[in-house]
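The structure under discussion appears below in the form of structure tokens.
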Amino acid sequence: MMKDEIYIAAVGQIPVQEHWNTSLRELAALAIRALKQECQLGHPDSLFLANMFAPNLSNQAHLAALIAEYLGWSGIEAVTVEAGGASGGAALRQAVLALRSGMVDSAVVLGVEKFSDKIGADIDVALATTLDADFESMHGLTPSAQAALIARLYFHKYSIPSNALAGFAINAHKNGAGNPFAMYQKAISEDTYLKAEMINPPLNLFDIAPNADGAAALFLVRGDHPAMRQIDQKIKVSASTLSTDTLALHDRRDPLDWRTVRWSIQKALEQANLSLAEIDLFELHDQFSIYLPIILESAGIVTPGEGWKLGADQWTGLSGRIPLNSMGGLKARGFPGGASGVYQAVEAVNQLLGRAGKNQLAHPHHTLIQSLGGPGATAATHILSCE
Amino acid sequence: MDRPKSNLLLIPERPVGIIGYGAYVPRYRLPAKEVARVWTGKDSGFPIKEKAVAGLDEDTATMSIEAARNALARAQISPEQLRAIWVGSESHPYAVKPTSTIVAETLGAVPHTQAADWEFACKAGTEAFVAATGMVGSRMMDYAMAIGMDTAQGKPGDALEYTAGAGGAAFILGPAEESLALINASYSYVTDTPDFWRREYQKYPEHGMRFTGEPAYFKHIFEAGSTLMREIGSTAADYQYAVFHQPNTKFPQRVAGMLGFNKEQIAAGLLVPTIGNTYSGAAMIGLTAVLDIAKPGDRVLVVSFGSGAGSDAFDFSLTDKLLERRKFALSTQDYINRRTEIDYATYVRYRGKLAMK
């Protein structure tokens, strides 16, 4: 253990669902309560709060200070980190930077999202704020419509069958069935997938992750922090990167090549001194099923046009060659907005510590988690490793 | 059955039962696929098969009269013996002026009678039923009529347009010894839950989408139903039939499962697939369909739900008088089978959805 290295000393999460009767700050407090069950936090030096939509959906900006006070941490450094769907990964990145700088000795990363303060069109309007307002959402584009355009291009370019994405959704729900924190804990058949209501052709109900409320938290310290003395199995942040690209899809040279996905992963592998083949588990941002083949292709895991074939169980299932989204991903665990990237980290840590229950992988050492804002407009990538 | 000792249950001093019941469903049907043809182009995944639509000359008052006449025919009493006529609805024809006086006058029940309109979204009718039970149970009167009837409003293109139907039922409450169904007890569970509403001068209601599910429909029906059964000391297996408020096909099936009931127990009272959600009438007309086919000695659980929100739960035991009385009027299935399909344009005309000036 290196004193300068950064470790995740504890994790906490609450079930992802529609928490109608629980407010934004209460959701946050519940995740911190779960975190405190693993580790004495004391008064952390800093709070990096990941959230996408509180200003739109809960009429609440200035969230980090509000939550810090509600948690009894008045006085600490607390800021909200917003990077669209990548907010969770971006907040983790900020915590790593802060600890690396030596200016703070401990950091809590807390992702929290409350969709259910609003319903219907208000949620669509909020989601659309993550697109390019002047050139995309102004003209009626929404994230799911944008994903459908990408899917149409992908299907057209590679002439693939209409059920090409089914495997990803089926695997997600299969893994969700083993995750007590998942919104959907029921496996689906290919028949169920094929009969599902079409939402944004060619994307059906099972191609789109459900918006839901949730909160998840991480406690990060450097190796020399007293909290590390009580921990036997140590989880190291062995890489942390973030990369950005154009928000508007039409500004991309190739809408099916997500450069930030590749850049952030390549840089992360260099930092960790690892190769792709050494990664035991990938937690990737499947807000829409079409994202997965493109991420896998852009990352260099598979050649362009072949990514959709990896939805098959023998490839990305729990016992497949490249296990993917082991606790259900955004599709089955749910899409709790800015908290999504923090959930990915919690799930990866639980896998590394052998605490993933029914979905436990055999001895994973390195997990790569990637949190995306839009189709790779922001990509925050981390590699978490057992030490 | 022994009288249960409970502070929560509503049990009148004098035992009370249903002495007459009657249903009414207008003849027109709008298939869900016809709504989808106009609005979404989808051809599957509908909440029901079709809904009943009131004709040009029908409203909650005329439909209440139809159901009330059937109830009187079965009760075998004369209208002037009714001392209360209460109509629960969220589609009263007038904002100010009672529907119930129109119904009472037409039946010949005036002038020595209570008359008032009730409003509690979809449980206005069962709330009137509880009040009528109290009136008879206190011996302030021998016969009281409670009606739940609606010509529900669905905003064009909204999810509710598929289901917002028309129909309902009337019940005459009287002394237990004259009853075809004895009321063992009722229980009501109410909170302030804003899941569905229509403010004054609004033409169509608004709803909280999925918020209408877990925290509203399921919570209130489950709490009302489970509390009633716990306090009375029964389980789902003690009932031959159960009827739940039915805004679509899935909700009552799911809540039945939550309370321990199987598909056979709810089949007879599940009318929503073929007449739609009749709002204030929904649970009550479901009960009429059960009474049409059940046997003396059968036990029936009914739980209504009204947005805003609350549920009334009832436990009935059916008596020998049921077999003869139910022949005196058309059955609920007779009304359901009397069917004229209409297209969306005709529906728009019948329901006054075109702005004519």
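In the structure tokens, chains take the letters A, B, ... in the order shown, each chain's residues start at 1, and ligands count up from 1 in the order shown.
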
Give me the residues near range 35-38 of chain B as a VMD selection string, where near means some atom within 12 Å (using only C-alpha atoms) and where sequence neighbours in that chain fewer than 2 positions away do not count. chain B and resid 29 to 33 40 to 51 154 to 164 342 to 348

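For range 65-154 of chain A, backbone-based DSSP assignment of strand (DSSP E) covers Glu77, Ala78, Val79, Thr80, Val81, Ser106, Ala107, Val108, Val109, Leu110, Gly111, Val112 and Glu113 of chain A.
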
Measure the distance from CA of Ser298 in chain A to CA of Leu256 in chain A in Å and round it to one decimal. 8.0 Å

Could you give me, as a Markdown table, every chain A residue with an atom at most 12 Å from chain B, plus its closest atom pair and distance in Å to one decimal, counting only C-alpha atoms, rows ordered by chain then number?
| residue | atom | partner | partner_atom | distance |
| --- | --- | --- | --- | --- |
| A:Gln17 | CA | B:Glu214 | CA | 11.3 |
| A:Glu18 | CA | B:Phe211 | CA | 8.8 |
| A:His19 | CA | B:Pro215 | CA | 9.6 |
| A:Trp20 | CA | B:Pro215 | CA | 7.3 |
| A:Asn21 | CA | B:Pro215 | CA | 8.2 |
| A:Thr22 | CA | B:Pro215 | CA | 11.7 |
| A:Phe115 | CA | B:Phe211 | CA | 11.8 |
| A:Ser116 | CA | B:Phe211 | CA | 8.4 |
| A:Asp117 | CA | B:Phe211 | CA | 10.1 |
| A:Lys118 | CA | B:Gly208 | CA | 8.6 |
| A:Ile119 | CA | B:Gly208 | CA | 6.6 |
| A:Gly120 | CA | B:Met209 | CA | 7.2 |
| A:Ala121 | CA | B:Met209 | CA | 10.8 |
| A:Asp122 | CA | B:Gly208 | CA | 11.7 |
| A:Ile123 | CA | B:Met209 | CA | 11.9 |
| A:Lys195 | CA | B:Ser44 | CA | 9.1 |
| A:Ala196 | CA | B:Gly45 | CA | 8.4 |
| A:Glu197 | CA | B:Gly45 | CA | 7.1 |
| A:Met198 | CA | B:Lys42 | CA | 8.6 |
| A:Ile199 | CA | B:Lys42 | CA | 10.5 |
| A:Leu205 | CA | B:Gly45 | CA | 11.8 |
| A:Ala212 | CA | B:Arg210 | CA | 11.7 |

As a JSON list (two decimals) with N, CA and C atoms, in the first residue's frame, please: the residues near Ala345 in chain A (cut-off 7 Å, only C-alpha atoms, same-chain neighbours under 4 positions excluded).
[["chain", "number", "residue", "atom", "x", "y", "z"],
["A", 341, "GLY", "N", -22.89, 7.06, -12.00],
["A", 341, "GLY", "CA", -21.47, 6.75, -11.98],
["A", 341, "GLY", "C", -21.00, 6.31, -10.61],
["A", 349, "VAL", "N", -16.70, -2.01, -6.47],
["A", 349, "VAL", "CA", -16.03, -2.28, -5.19],
["A", 349, "VAL", "C", -16.59, -3.56, -4.57],
["A", 369, "ILE", "N", -14.64, 1.18, -14.79],
["A", 369, "ILE", "CA", -15.97, 1.78, -14.78],
["A", 369, "ILE", "C", -15.91, 3.06, -15.62]]

Name the residues in contact with Gly140 in chain A at a cut-off of 12 Å, using only C-alpha atoms, excluding same-chain residues fewer than 4 positions from it; report them as a PyMOL selection string. chain A and resi 124-125+127-129+131-136+144-146

Would you put the residues from that selection into a file with N, CA and C atoms, as an mmCIF file, in the first residue's frame?
data_model
loop_
_atom_site.group_PDB
_atom_site.id
_atom_site.type_symbol
_atom_site.label_atom_id
_atom_site.label_comp_id
_atom_site.auth_asym_id
_atom_site.auth_seq_id
_atom_site.Cartn_x
_atom_site.Cartn_y
_atom_site.Cartn_z
ATOM 1 N N ASP A 124 -38.879 14.990 -19.361
ATOM 2 C CA ASP A 124 -38.299 15.030 -20.708
ATOM 3 C C ASP A 124 -37.557 16.340 -20.936
ATOM 4 N N VAL A 125 -38.151 17.431 -20.455
ATOM 5 C CA VAL A 125 -37.516 18.749 -20.610
ATOM 6 C C VAL A 125 -36.186 18.772 -19.862
ATOM 7 N N LEU A 127 -34.270 16.193 -19.022
ATOM 8 C CA LEU A 127 -33.306 15.307 -19.696
ATOM 9 C C LEU A 127 -32.702 16.001 -20.916
ATOM 10 N N ALA A 128 -33.548 16.755 -21.622
ATOM 11 C CA ALA A 128 -33.090 17.401 -22.853
ATOM 12 C C ALA A 128 -32.091 18.520 -22.573
ATOM 13 N N THR A 129 -32.016 19.000 -21.326
ATOM 14 C CA THR A 129 -31.039 20.061 -21.032
ATOM 15 C C THR A 129 -29.607 19.557 -21.143
ATOM 16 N N LEU A 131 -28.483 18.027 -23.716
ATOM 17 C CA LEU A 131 -28.079 18.128 -25.129
ATOM 18 C C LEU A 131 -27.622 19.565 -25.414
ATOM 19 N N ASP A 132 -27.231 19.815 -26.647
ATOM 20 C CA ASP A 132 -26.852 21.170 -27.057
ATOM 21 C C ASP A 132 -28.145 21.978 -27.228
ATOM 22 N N ALA A 133 -28.358 22.924 -26.321
ATOM 23 C CA ALA A 133 -29.656 23.608 -26.275
ATOM 24 C C ALA A 133 -29.964 24.358 -27.569
ATOM 25 N N ASP A 134 -28.976 25.096 -28.104
ATOM 26 C CA ASP A 134 -29.241 25.922 -29.285
ATOM 27 C C ASP A 134 -29.430 25.089 -30.547
ATOM 28 N N PHE A 135 -28.734 23.964 -30.625
ATOM 29 C CA PHE A 135 -28.714 23.239 -31.898
ATOM 30 C C PHE A 135 -29.415 21.879 -31.855
ATOM 31 N N GLU A 136 -29.745 21.400 -30.644
ATOM 32 C CA GLU A 136 -30.402 20.087 -30.584
ATOM 33 C C GLU A 136 -31.760 20.171 -29.883
ATOM 34 N N SER A 144 -33.316 10.220 -25.760
ATOM 35 C CA SER A 144 -33.685 8.919 -26.323
ATOM 36 C C SER A 144 -33.875 9.018 -27.837
ATOM 37 N N ALA A 145 -34.362 10.157 -28.313
ATOM 38 C CA ALA A 145 -34.483 10.337 -29.765
ATOM 39 C C ALA A 145 -33.100 10.393 -30.403
ATOM 40 N N GLN A 146 -32.177 11.032 -29.694
ATOM 41 C CA GLN A 146 -30.803 11.111 -30.198
ATOM 42 C C GLN A 146 -30.185 9.701 -30.273
#

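Note that CA of Ile232 in chain B and CA of Pro4 in chain B are 5.7 Å apart.
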
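Every protein, DNA or RNA residue with an atom at most 9 Å from Arg83 in chain B, where only C-alpha atoms count and chain neighbours fewer than 2 positions away do not, is listed here: Pro79, Glu80, Gln81, Ile85, Ala109, Val110, His112, Thr113, Gln114, Ala115, Met141, Asp142, Tyr143, Ala144 and Met145 of chain B.
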
Residues of range 233-269 of chain B classed as alpha helix (DSSP H) by DSSP on the backbone are to be reported as a ChimeraX atom specification. /B:250-258,263-267

Expected file contents, prior selection, N, CA and C atoms, as a short mmCIF file (atom, residue, chain, number, x, y, z; two decimals), in the first residue's frame:
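File produced: selection.cif:
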data_model
loop_
_atom_site.label_atom_id
_atom_site.label_comp_id
_atom_site.auth_asym_id
_atom_site.auth_seq_id
_atom_site.Cartn_x
_atom_site.Cartn_y
_atom_site.Cartn_z
N LYS B 250 -54.67 -4.36 -15.27
CA LYS B 250 -53.54 -4.84 -14.46
C LYS B 250 -53.66 -4.51 -12.98
N PHE B 251 -54.06 -3.29 -12.66
CA PHE B 251 -54.03 -2.85 -11.26
C PHE B 251 -54.84 -3.77 -10.34
N PRO B 252 -56.12 -4.04 -10.65
CA PRO B 252 -56.87 -4.90 -9.73
C PRO B 252 -56.31 -6.32 -9.66
N GLN B 253 -55.74 -6.79 -10.77
CA GLN B 253 -55.14 -8.14 -10.73
C GLN B 253 -53.95 -8.15 -9.78
N ARG B 254 -53.15 -7.08 -9.83
CA ARG B 254 -51.96 -7.05 -8.98
C ARG B 254 -52.33 -6.87 -7.51
N VAL B 255 -53.26 -5.97 -7.23
CA VAL B 255 -53.59 -5.73 -5.82
C VAL B 255 -54.30 -6.95 -5.24
N ALA B 256 -55.03 -7.68 -6.08
CA ALA B 256 -55.65 -8.92 -5.62
C ALA B 256 -54.57 -9.89 -5.15
N GLY B 257 -53.52 -10.01 -5.95
CA GLY B 257 -52.41 -10.89 -5.58
C GLY B 257 -51.74 -10.44 -4.29
N MET B 258 -51.58 -9.12 -4.13
CA MET B 258 -50.96 -8.59 -2.92
C MET B 258 -51.77 -8.97 -1.67
N LYS B 263 -57.00 -15.40 -9.31
CA LYS B 263 -57.71 -14.89 -10.49
C LYS B 263 -59.17 -15.29 -10.51
N GLU B 264 -59.46 -16.51 -10.03
CA GLU B 264 -60.85 -16.99 -10.04
C GLU B 264 -61.72 -16.12 -9.12
N GLN B 265 -61.17 -15.71 -8.01
CA GLN B 265 -61.96 -14.91 -7.05
C GLN B 265 -62.33 -13.54 -7.61
N ILE B 266 -61.49 -12.99 -8.49
CA ILE B 266 -61.78 -11.64 -8.99
C ILE B 266 -62.39 -11.63 -10.38
N ALA B 267 -62.47 -12.79 -11.02
CA ALA B 267 -62.90 -12.81 -12.44
C ALA B 267 -64.30 -12.22 -12.64
#

Ranking A:Leu63, A:Ala83, A:Met183, A:Val342 by minimum distance to Val11 in chain A and counting only C-alpha atoms, which one comes first? A:Val342

Leaving out Asp312 in chain B and any residue of its chain fewer than 2 positions from it, which residues lie within 6 Å of it when counting only C-alpha atoms, given as a PyMOL selection string? chain B and resi 187-188+303-304

Can those selected residues be exported to a file as an mmCIF file, in the first residue's frame so that it contains C-alpha atoms?
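Result file is out.cif:
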data_model
loop_
_atom_site.group_PDB
_atom_site.id
_atom_site.type_symbol
_atom_site.label_atom_id
_atom_site.label_comp_id
_atom_site.auth_asym_id
_atom_site.auth_seq_id
_atom_site.Cartn_x
_atom_site.Cartn_y
_atom_site.Cartn_z
ATOM 1 C CA TYR B 187 -63.481 0.062 6.957
ATOM 2 C CA SER B 188 -62.197 3.248 5.317
ATOM 3 C CA VAL B 303 -62.510 -2.411 -1.908
ATOM 4 C CA SER B 304 -63.015 0.853 -3.750
#

What separation in Å, quoted to one decimal, exists between CA of Arg326 in chain B and CA of Glu177 in chain B? 16.8 Å

Write out as number ranges by chain which residues come within 6 Å of Ala78 in chain A when counting only C-alpha atoms, dropping same-chain ones fewer than 2 positions away. A: 46-48, 64-65
